[in-house]
Amino acid sequence: MTYIPRLPSVYNLISLESVGSTNAEAKRLAAEGEETAPDGTLIWALEQTSGRGRRGRDWESPKGNLYTSLILRPDIPISEAAQLSFIAALAVYDALGNIGPTGHQVHCKWPNDVLLNDKKVAGILLESEGGAGGTPADWIILGMGLNVEWHPENTEVPATSLRFEGFPNTVEEVLEAYTRSFLSWTNRWLSDGFDPVRQNWLWRCKGKGEAIEVRLENETINAIFKDMAEDGALILDDNGTERRITAGDVYFPTNG
């Protein structure tokens with residue numbers, strides 16, 4: 001790598017030309033202990049050969065896009081770890097707003113995607129270790145992939161990339177903007193709790209108050225996206241019955 005990104009000093013950047021999965025590499029390093037991988041260690045790879053998304057799905061990861069995994073060691077119960085994915089979504093949202101041209105629509109999509117002009121441009125994958133019995137997690141890995149130069153075609157949820165949408169920015173510029181925004185939102189979360197994160201996410205999300213489809217492991221629900229709970233759960237109005245969803249895939253009518 002010829003250009004070294006200028007990141008806030010709280011990050012310990014590890015740059016790789018290629019790796020199977022940044023999350024897998026981050027988990028390996030995190031397991032070696034805090035001396036090897038302190039809080040704020042950021043794995044950045046130019047490509048992944050075995051990238052993964054949620055629920056073990058493949059994440060195509062050629063050169064030209066942004067692939068990161070951040071090792072975090074916050075002193076929080078494991079039940080609160082999911083809040084970090086909403087912080088990351090807001091960080092991506094702000095980063096695109098800070099570096100991109102005007103006239104684009106950016107939305108957060110529950111639980112952990114970011115949409116650009118109604119197409120998926122970024123995804124977030126959260127993994128953790130430890131935290132049994134209400135104790136803090138040993139570590140949390142926050143993976144984030146963002147399409148800069150390239151995006152897959154013919155996906156069930158339409159995808160896009162920054163270059164396709166007219167963003168001129170390099171991967172390094174996107175990484176710098178994302179890490180600055182993530183630090184800002186994390187500091188606010190640590191000082192003010194999850195509620196400001198939740199409120200801002202709701203202001204920026206797609207589908208609130210509208211009919212959506214939520215696919216669960218054994219059921220598909222068509223209902224109104226009513227709210228997001230204080231712990232990040234999706235709240236649906238299913239013909240007058242409130243339903244709480246903690247894991248599922250959301251689809252909008254325009255996505256089929």
# chains A, B, ... in the order shown; residues from 1 in each chain; ligands from 1
$ residues_around --residues "Asn12 in chain A" --least-positions-apart "4" --cutoff "12 Å" --atoms "only C-alpha atoms" --output "PyMOL selection string"
chain A and resi 5-8+34-44+69-72+179
$ write_last_selection --atoms "N, CA and C atoms" --output "PDB file, in the first residue's frame"
ATOM      1  N   PRO A   5      -3.588   5.858   5.110  1.00  0.00           N
ATOM      2  CA  PRO A   5      -4.705   6.726   5.501  1.00  0.00           C
ATOM      3  C   PRO A   5      -4.415   7.463   6.809  1.00  0.00           C
ATOM      4  N   ARG A   6      -4.951   8.659   6.901  1.00  0.00           N
ATOM      5  CA  ARG A   6      -4.794   9.469   8.114  1.00  0.00           C
ATOM      6  C   ARG A   6      -6.015   9.250   9.000  1.00  0.00           C
ATOM      7  N   LEU A   7      -5.853   8.381   9.981  1.00  0.00           N
ATOM      8  CA  LEU A   7      -6.961   8.028  10.866  1.00  0.00           C
ATOM      9  C   LEU A   7      -6.758   8.686  12.228  1.00  0.00           C
ATOM     10  N   PRO A   8      -7.847   8.895  12.971  1.00  0.00           N
ATOM     11  CA  PRO A   8      -7.701   9.377  14.347  1.00  0.00           C
ATOM     12  C   PRO A   8      -6.780   8.464  15.141  1.00  0.00           C
ATOM     13  N   GLU A  34      -5.157  -8.557  24.574  1.00  0.00           N
ATOM     14  CA  GLU A  34      -5.173  -7.108  24.403  1.00  0.00           C
ATOM     15  C   GLU A  34      -3.820  -6.548  24.008  1.00  0.00           C
ATOM     16  N   GLU A  35      -2.749  -7.214  24.399  1.00  0.00           N
ATOM     17  CA  GLU A  35      -1.431  -6.711  23.999  1.00  0.00           C
ATOM     18  C   GLU A  35      -1.234  -6.823  22.493  1.00  0.00           C
ATOM     19  N   THR A  36      -1.725  -7.905  21.919  1.00  0.00           N
ATOM     20  CA  THR A  36      -1.609  -8.097  20.469  1.00  0.00           C
ATOM     21  C   THR A  36      -2.592  -7.224  19.717  1.00  0.00           C
ATOM     22  N   ALA A  37      -3.818  -7.149  20.221  1.00  0.00           N
ATOM     23  CA  ALA A  37      -4.879  -6.418  19.519  1.00  0.00           C
ATOM     24  C   ALA A  37      -5.665  -5.571  20.513  1.00  0.00           C
ATOM     25  N   PRO A  38      -5.161  -4.399  20.843  1.00  0.00           N
ATOM     26  CA  PRO A  38      -5.877  -3.549  21.798  1.00  0.00           C
ATOM     27  C   PRO A  38      -7.167  -2.998  21.211  1.00  0.00           C
ATOM     28  N   ASP A  39      -7.988  -2.455  22.073  1.00  0.00           N
ATOM     29  CA  ASP A  39      -9.220  -1.797  21.654  1.00  0.00           C
ATOM     30  C   ASP A  39      -8.892  -0.763  20.582  1.00  0.00           C
ATOM     31  N   GLY A  40      -9.643  -0.804  19.476  1.00  0.00           N
ATOM     32  CA  GLY A  40      -9.393   0.134  18.390  1.00  0.00           C
ATOM     33  C   GLY A  40      -8.523  -0.404  17.272  1.00  0.00           C
ATOM     34  N   THR A  41      -8.111  -1.660  17.357  1.00  0.00           N
ATOM     35  CA  THR A  41      -7.335  -2.261  16.277  1.00  0.00           C
ATOM     36  C   THR A  41      -8.237  -2.439  15.056  1.00  0.00           C
ATOM     37  N   LEU A  42      -7.803  -1.919  13.925  1.00  0.00           N
ATOM     38  CA  LEU A  42      -8.614  -1.918  12.710  1.00  0.00           C
ATOM     39  C   LEU A  42      -7.891  -2.697  11.613  1.00  0.00           C
ATOM     40  N   ILE A  43      -8.515  -3.782  11.182  1.00  0.00           N
ATOM     41  CA  ILE A  43      -7.993  -4.579  10.084  1.00  0.00           C
ATOM     42  C   ILE A  43      -8.588  -4.036   8.785  1.00  0.00           C
ATOM     43  N   TRP A  44      -7.706  -3.667   7.843  1.00  0.00           N
ATOM     44  CA  TRP A  44      -8.157  -3.159   6.544  1.00  0.00           C
ATOM     45  C   TRP A  44      -7.460  -3.955   5.452  1.00  0.00           C
ATOM     46  N   SER A  69     -12.496  -4.507   9.586  1.00  0.00           N
ATOM     47  CA  SER A  69     -13.004  -5.123  10.817  1.00  0.00           C
ATOM     48  C   SER A  69     -12.309  -4.454  11.994  1.00  0.00           C
ATOM     49  N   LEU A  70     -13.114  -3.966  12.911  1.00  0.00           N
ATOM     50  CA  LEU A  70     -12.619  -3.206  14.054  1.00  0.00           C
ATOM     51  C   LEU A  70     -12.748  -4.041  15.323  1.00  0.00           C
ATOM     52  N   ILE A  71     -11.655  -4.181  16.051  1.00  0.00           N
ATOM     53  CA  ILE A  71     -11.654  -4.910  17.316  1.00  0.00           C
ATOM     54  C   ILE A  71     -11.979  -3.922  18.440  1.00  0.00           C
ATOM     55  N   LEU A  72     -13.056  -4.213  19.164  1.00  0.00           N
ATOM     56  CA  LEU A  72     -13.501  -3.348  20.251  1.00  0.00           C
ATOM     57  C   LEU A  72     -13.554  -4.156  21.541  1.00  0.00           C
ATOM     58  N   THR A 179     -13.931   6.293   9.661  1.00  0.00           N
ATOM     59  CA  THR A 179     -13.333   6.174  10.997  1.00  0.00           C
ATOM     60  C   THR A 179     -13.550   7.441  11.824  1.00  0.00           C
TER      61      THR A 179
END
$ select_by_dssp --residues "range 187-222 of chain A" --states "helix (DSSP H, G or I)" --output "list in words"
Asn187, Arg188, Trp189, Leu190, Ser191, Asp192, Phe194, Asp195, Pro196, Val197, Arg198, Gln199, Asn200, Trp201, Leu202, Trp203 and Arg204 of chain A
$ select_by_dssp --residues "range 38-140 of chain A" --states "strand (DSSP E or B)" --output "PyMOL selection string"
chain A and resi 41-48+52+58+66-72+77+106-109+113-116+119-130+136-140
$ write_last_selection --atoms "N, CA and C atoms" --output "compact mmCIF listing (two decimals), in the first residue's frame"
# COMPACT_ATOMS: atom_id res chain seq x y z
N THR A 41 -8.11 -1.66 17.36
CA THR A 41 -7.34 -2.26 16.28
C THR A 41 -8.24 -2.44 15.06
N LEU A 42 -7.80 -1.92 13.93
CA LEU A 42 -8.61 -1.92 12.71
C LEU A 42 -7.89 -2.70 11.61
N ILE A 43 -8.51 -3.78 11.18
CA ILE A 43 -7.99 -4.58 10.08
C ILE A 43 -8.59 -4.04 8.79
N TRP A 44 -7.71 -3.67 7.84
CA TRP A 44 -8.16 -3.16 6.54
C TRP A 44 -7.46 -3.95 5.45
N ALA A 45 -8.25 -4.54 4.56
CA ALA A 45 -7.69 -5.32 3.47
C ALA A 45 -8.16 -4.77 2.13
N LEU A 46 -7.28 -4.85 1.13
CA LEU A 46 -7.64 -4.40 -0.22
C LEU A 46 -8.59 -5.39 -0.89
N GLU A 47 -8.50 -6.66 -0.49
CA GLU A 47 -9.44 -7.66 -1.01
C GLU A 47 -9.61 -8.76 0.01
N GLN A 48 -10.76 -9.45 -0.09
CA GLN A 48 -11.01 -10.64 0.72
C GLN A 48 -11.25 -11.81 -0.24
N ARG A 52 -17.46 -12.70 4.17
CA ARG A 52 -18.73 -13.21 4.70
C ARG A 52 -19.65 -12.06 5.07
N ASP A 58 -21.98 -15.43 1.44
CA ASP A 58 -20.75 -14.96 0.80
C ASP A 58 -20.85 -13.47 0.54
N LEU A 66 -14.05 -1.26 0.04
CA LEU A 66 -13.52 -1.08 1.40
C LEU A 66 -13.94 -2.26 2.27
N TYR A 67 -12.96 -2.91 2.88
CA TYR A 67 -13.20 -4.06 3.77
C TYR A 67 -12.48 -3.80 5.09
N THR A 68 -13.24 -3.69 6.17
CA THR A 68 -12.64 -3.40 7.47
C THR A 68 -13.26 -4.25 8.56
N SER A 69 -12.50 -4.51 9.59
CA SER A 69 -13.00 -5.12 10.82
C SER A 69 -12.31 -4.45 11.99
N LEU A 70 -13.11 -3.97 12.91
CA LEU A 70 -12.62 -3.21 14.05
C LEU A 70 -12.75 -4.04 15.32
N ILE A 71 -11.65 -4.18 16.05
CA ILE A 71 -11.65 -4.91 17.32
C ILE A 71 -11.98 -3.92 18.44
N LEU A 72 -13.06 -4.21 19.16
CA LEU A 72 -13.50 -3.35 20.25
C LEU A 72 -13.55 -4.16 21.54
N PRO A 77 -22.39 -4.95 28.74
CA PRO A 77 -22.96 -6.29 28.65
C PRO A 77 -23.09 -6.71 27.20
N VAL A 106 -29.32 8.78 1.00
CA VAL A 106 -28.70 7.74 1.82
C VAL A 106 -29.68 7.37 2.92
N HIS A 107 -29.87 6.07 3.15
CA HIS A 107 -30.76 5.60 4.21
C HIS A 107 -30.10 4.45 4.96
N CYS A 108 -30.44 4.32 6.22
CA CYS A 108 -30.09 3.13 7.00
C CYS A 108 -31.21 2.11 6.82
N LYS A 109 -30.85 0.84 6.78
CA LYS A 109 -31.82 -0.24 6.62
C LYS A 109 -31.62 -1.24 7.75
N ASP A 113 -27.63 -2.50 7.28
CA ASP A 113 -27.21 -2.12 5.93
C ASP A 113 -27.33 -0.62 5.75
N VAL A 114 -26.63 -0.12 4.75
CA VAL A 114 -26.78 1.28 4.34
C VAL A 114 -27.11 1.30 2.86
N LEU A 115 -28.11 2.09 2.50
CA LEU A 115 -28.58 2.19 1.13
C LEU A 115 -28.16 3.52 0.53
N LEU A 116 -27.78 3.49 -0.72
CA LEU A 116 -27.47 4.70 -1.49
C LEU A 116 -28.39 4.70 -2.69
N LYS A 119 -30.35 1.49 -3.05
CA LYS A 119 -29.64 0.25 -3.33
C LYS A 119 -28.54 0.05 -2.29
N LYS A 120 -28.28 -1.20 -1.96
CA LYS A 120 -27.32 -1.50 -0.90
C LYS A 120 -25.91 -1.12 -1.31
N VAL A 121 -25.27 -0.30 -0.47
CA VAL A 121 -23.89 0.09 -0.73
C VAL A 121 -22.95 -0.39 0.36
N ALA A 122 -23.49 -0.70 1.55
CA ALA A 122 -22.63 -1.13 2.66
C ALA A 122 -23.38 -2.11 3.55
N GLY A 123 -22.62 -3.01 4.15
CA GLY A 123 -23.17 -3.97 5.10
C GLY A 123 -22.26 -4.08 6.32
N ILE A 124 -22.87 -4.43 7.43
CA ILE A 124 -22.17 -4.49 8.71
C ILE A 124 -22.35 -5.87 9.31
N LEU A 125 -21.29 -6.43 9.86
CA LEU A 125 -21.34 -7.76 10.48
C LEU A 125 -20.69 -7.69 11.85
N LEU A 126 -21.47 -8.02 12.87
CA LEU A 126 -21.03 -7.93 14.26
C LEU A 126 -20.84 -9.33 14.83
N GLU A 127 -19.69 -9.57 15.44
CA GLU A 127 -19.42 -10.84 16.10
C GLU A 127 -18.76 -10.57 17.44
N SER A 128 -18.92 -11.51 18.38
CA SER A 128 -18.36 -11.28 19.72
C SER A 128 -17.97 -12.60 20.35
N GLU A 129 -17.23 -12.47 21.44
CA GLU A 129 -16.78 -13.64 22.20
C GLU A 129 -16.94 -13.33 23.68
N GLY A 130 -17.42 -14.31 24.44
CA GLY A 130 -17.57 -14.14 25.88
C GLY A 130 -18.88 -13.45 26.22
N PRO A 136 -19.20 -8.39 30.57
CA PRO A 136 -18.82 -7.80 29.28
C PRO A 136 -18.19 -8.83 28.35
N ALA A 137 -18.35 -8.60 27.06
CA ALA A 137 -17.73 -9.47 26.07
C ALA A 137 -16.21 -9.36 26.17
N ASP A 138 -15.51 -10.45 25.86
CA ASP A 138 -14.05 -10.39 25.79
C ASP A 138 -13.62 -9.42 24.68
N TRP A 139 -14.32 -9.52 23.57
CA TRP A 139 -14.09 -8.60 22.45
C TRP A 139 -15.29 -8.62 21.52
N ILE A 140 -15.40 -7.56 20.76
CA ILE A 140 -16.45 -7.44 19.73
C ILE A 140 -15.76 -7.08 18.43
$ closest_residue --among "A:Gly20, A:Pro111, A:Gly166, A:Gly134" --to "Cys205 in chain A" --atoms "only C-alpha atoms"
A:Pro111
$ residues_around --residues "range 167-172 of chain A" --least-positions-apart "4" --cutoff "8 Å" --atoms "only C-alpha atoms" --output "VMD selection string"
chain A and resid 3 to 5 64 to 66 99 to 101 148 162 to 163 176
$ residues_around --residues "range 193-200 of chain A" --least-positions-apart "5" --cutoff "8 Å" --atoms "only C-alpha atoms" --output "ChimeraX atom specification"
/A:83,86-87,90,185,188,228,230,232
$ write_last_selection --atoms "N, CA and C atoms" --output "CSV table (one decimal), in the first residue's frame"
chain,number,residue,atom,x,y,z
A,83,GLN,N,-25.9,-2.6,19.6
A,83,GLN,CA,-26.0,-1.1,19.4
A,83,GLN,C,-24.9,-0.6,18.5
A,86,PHE,N,-25.7,-0.1,14.8
A,86,PHE,CA,-26.4,1.1,14.4
A,86,PHE,C,-25.5,2.3,14.4
A,87,ILE,N,-24.5,2.3,15.3
A,87,ILE,CA,-23.5,3.4,15.3
A,87,ILE,C,-22.7,3.3,14.0
A,90,LEU,N,-24.7,4.7,11.2
A,90,LEU,CA,-24.7,6.2,11.2
A,90,LEU,C,-23.4,6.8,10.7
A,185,TRP,N,-19.5,9.2,16.7
A,185,TRP,CA,-20.8,8.6,17.2
A,185,TRP,C,-20.5,7.7,18.4
A,188,ARG,N,-20.3,9.9,21.4
A,188,ARG,CA,-21.7,10.4,21.8
A,188,ARG,C,-22.4,9.2,22.5
A,228,MET,N,-38.3,1.3,16.3
A,228,MET,CA,-37.2,0.5,16.8
A,228,MET,C,-37.1,0.6,18.3
A,230,GLU,N,-35.7,0.3,22.3
A,230,GLU,CA,-34.5,0.9,22.9
A,230,GLU,C,-33.3,-0.1,22.9
A,232,GLY,N,-32.7,-1.9,20.0
A,232,GLY,CA,-32.4,-2.1,18.6
A,232,GLY,C,-33.4,-3.1,17.9
$ closest_atom_pairs --of "range 72-106 of chain A" --to "range 141-146 of chain A" --cutoff "8 Å" --atoms "only C-alpha atoms" --output "JSON lines"
{"residue": "A:Leu72", "atom": "CA", "partner": "A:Ile141", "partner_atom": "CA", "distance": 6.3}
{"residue": "A:Leu84", "atom": "CA", "partner": "A:Leu142", "partner_atom": "CA", "distance": 7.6}
{"residue": "A:Ser85", "atom": "CA", "partner": "A:Leu142", "partner_atom": "CA", "distance": 7.3}
{"residue": "A:Ala88", "atom": "CA", "partner": "A:Met144", "partner_atom": "CA", "distance": 7.9}
$ write_last_selection --atoms "C-alpha atoms" --output "PDB file, in the first residue's frame"
ATOM      1  CA  LEU A  72     -13.501  -3.348  20.251  1.00  0.00           C
ATOM      2  CA  LEU A  84     -22.605  -0.846  17.728  1.00  0.00           C
ATOM      3  CA  SER A  85     -24.022  -1.899  14.360  1.00  0.00           C
ATOM      4  CA  ALA A  88     -21.566   1.985  12.355  1.00  0.00           C
TER       5      ALA A  88
END
$ atom_distance --atom1 "CA of Ile235 in chain A" --atom2 "CA of Ala82 in chain A"
15.7 Å
$ atom_distance --atom1 "CA of Asn147 in chain A" --atom2 "CA of Ser61 in chain A"
8.9 Å
$ closest_residue --among "A:Pro253, A:Gly248, A:Gly240, A:Pro152" --to "Asn112 in chain A" --atoms "only C-alpha atoms"
A:Gly248
$ residues_around --residues "Arg215 in chain A" --least-positions-apart "2" --cutoff "12 Å" --atoms "only C-alpha atoms" --output "CSV table (one decimal) with N, CA and C atoms, in the first residue's frame"
chain,number,residue,atom,x,y,z
A,212,ILE,N,-43.6,-3.3,5.2
A,212,ILE,CA,-42.4,-4.0,4.8
A,212,ILE,C,-42.6,-5.5,4.9
A,213,GLU,N,-41.7,-6.2,4.3
A,213,GLU,CA,-41.7,-7.7,4.5
A,213,GLU,C,-40.5,-8.1,5.3
A,217,GLU,N,-36.5,-17.0,10.0
A,217,GLU,CA,-36.0,-18.4,9.7
A,217,GLU,C,-37.2,-19.3,9.2
A,218,ASN,N,-38.3,-19.2,9.9
A,218,ASN,CA,-39.4,-20.1,9.6
A,218,ASN,C,-40.7,-19.3,9.3
A,219,GLU,N,-40.7,-18.0,8.9
A,219,GLU,CA,-41.9,-17.3,8.8
A,219,GLU,C,-41.6,-16.0,8.0
A,220,THR,N,-42.5,-15.5,7.2
A,220,THR,CA,-42.4,-14.3,6.5
A,220,THR,C,-43.6,-13.4,7.0
A,221,ILE,N,-43.3,-12.2,7.4
A,221,ILE,CA,-44.3,-11.3,8.0
A,221,ILE,C,-44.4,-10.1,7.1
A,222,ASN,N,-45.6,-9.7,6.7
A,222,ASN,CA,-45.9,-8.5,6.0
A,222,ASN,C,-46.6,-7.6,7.0
A,223,ALA,N,-46.0,-6.5,7.4
A,223,ALA,CA,-46.5,-5.6,8.5
A,223,ALA,C,-46.0,-4.2,8.3
A,245,ILE,N,-39.1,-8.0,16.7
A,245,ILE,CA,-38.2,-8.8,15.9
A,245,ILE,C,-36.7,-8.5,16.2
A,246,THR,N,-36.0,-9.5,16.6
A,246,THR,CA,-34.5,-9.2,16.9
A,246,THR,C,-33.6,-9.7,15.8
A,247,ALA,N,-34.1,-10.5,14.9
A,247,ALA,CA,-33.2,-11.0,13.8
A,247,ALA,C,-34.1,-11.3,12.6
A,248,GLY,N,-33.8,-10.8,11.5
A,248,GLY,CA,-34.5,-11.1,10.3
A,248,GLY,C,-34.0,-10.2,9.1
A,249,ASP,N,-34.5,-10.5,7.9
A,249,ASP,CA,-34.2,-9.7,6.7
A,249,ASP,C,-35.3,-8.9,6.3
A,250,VAL,N,-35.1,-7.6,6.1
A,250,VAL,CA,-36.2,-6.7,5.7
A,250,VAL,C,-36.1,-6.5,4.2
A,251,TYR,N,-37.3,-6.5,3.6
A,251,TYR,CA,-37.5,-6.2,2.1
A,251,TYR,C,-38.6,-5.1,2.0
A,252,PHE,N,-38.3,-4.3,1.0
A,252,PHE,CA,-39.3,-3.2,0.7
A,252,PHE,C,-40.1,-3.6,-0.5
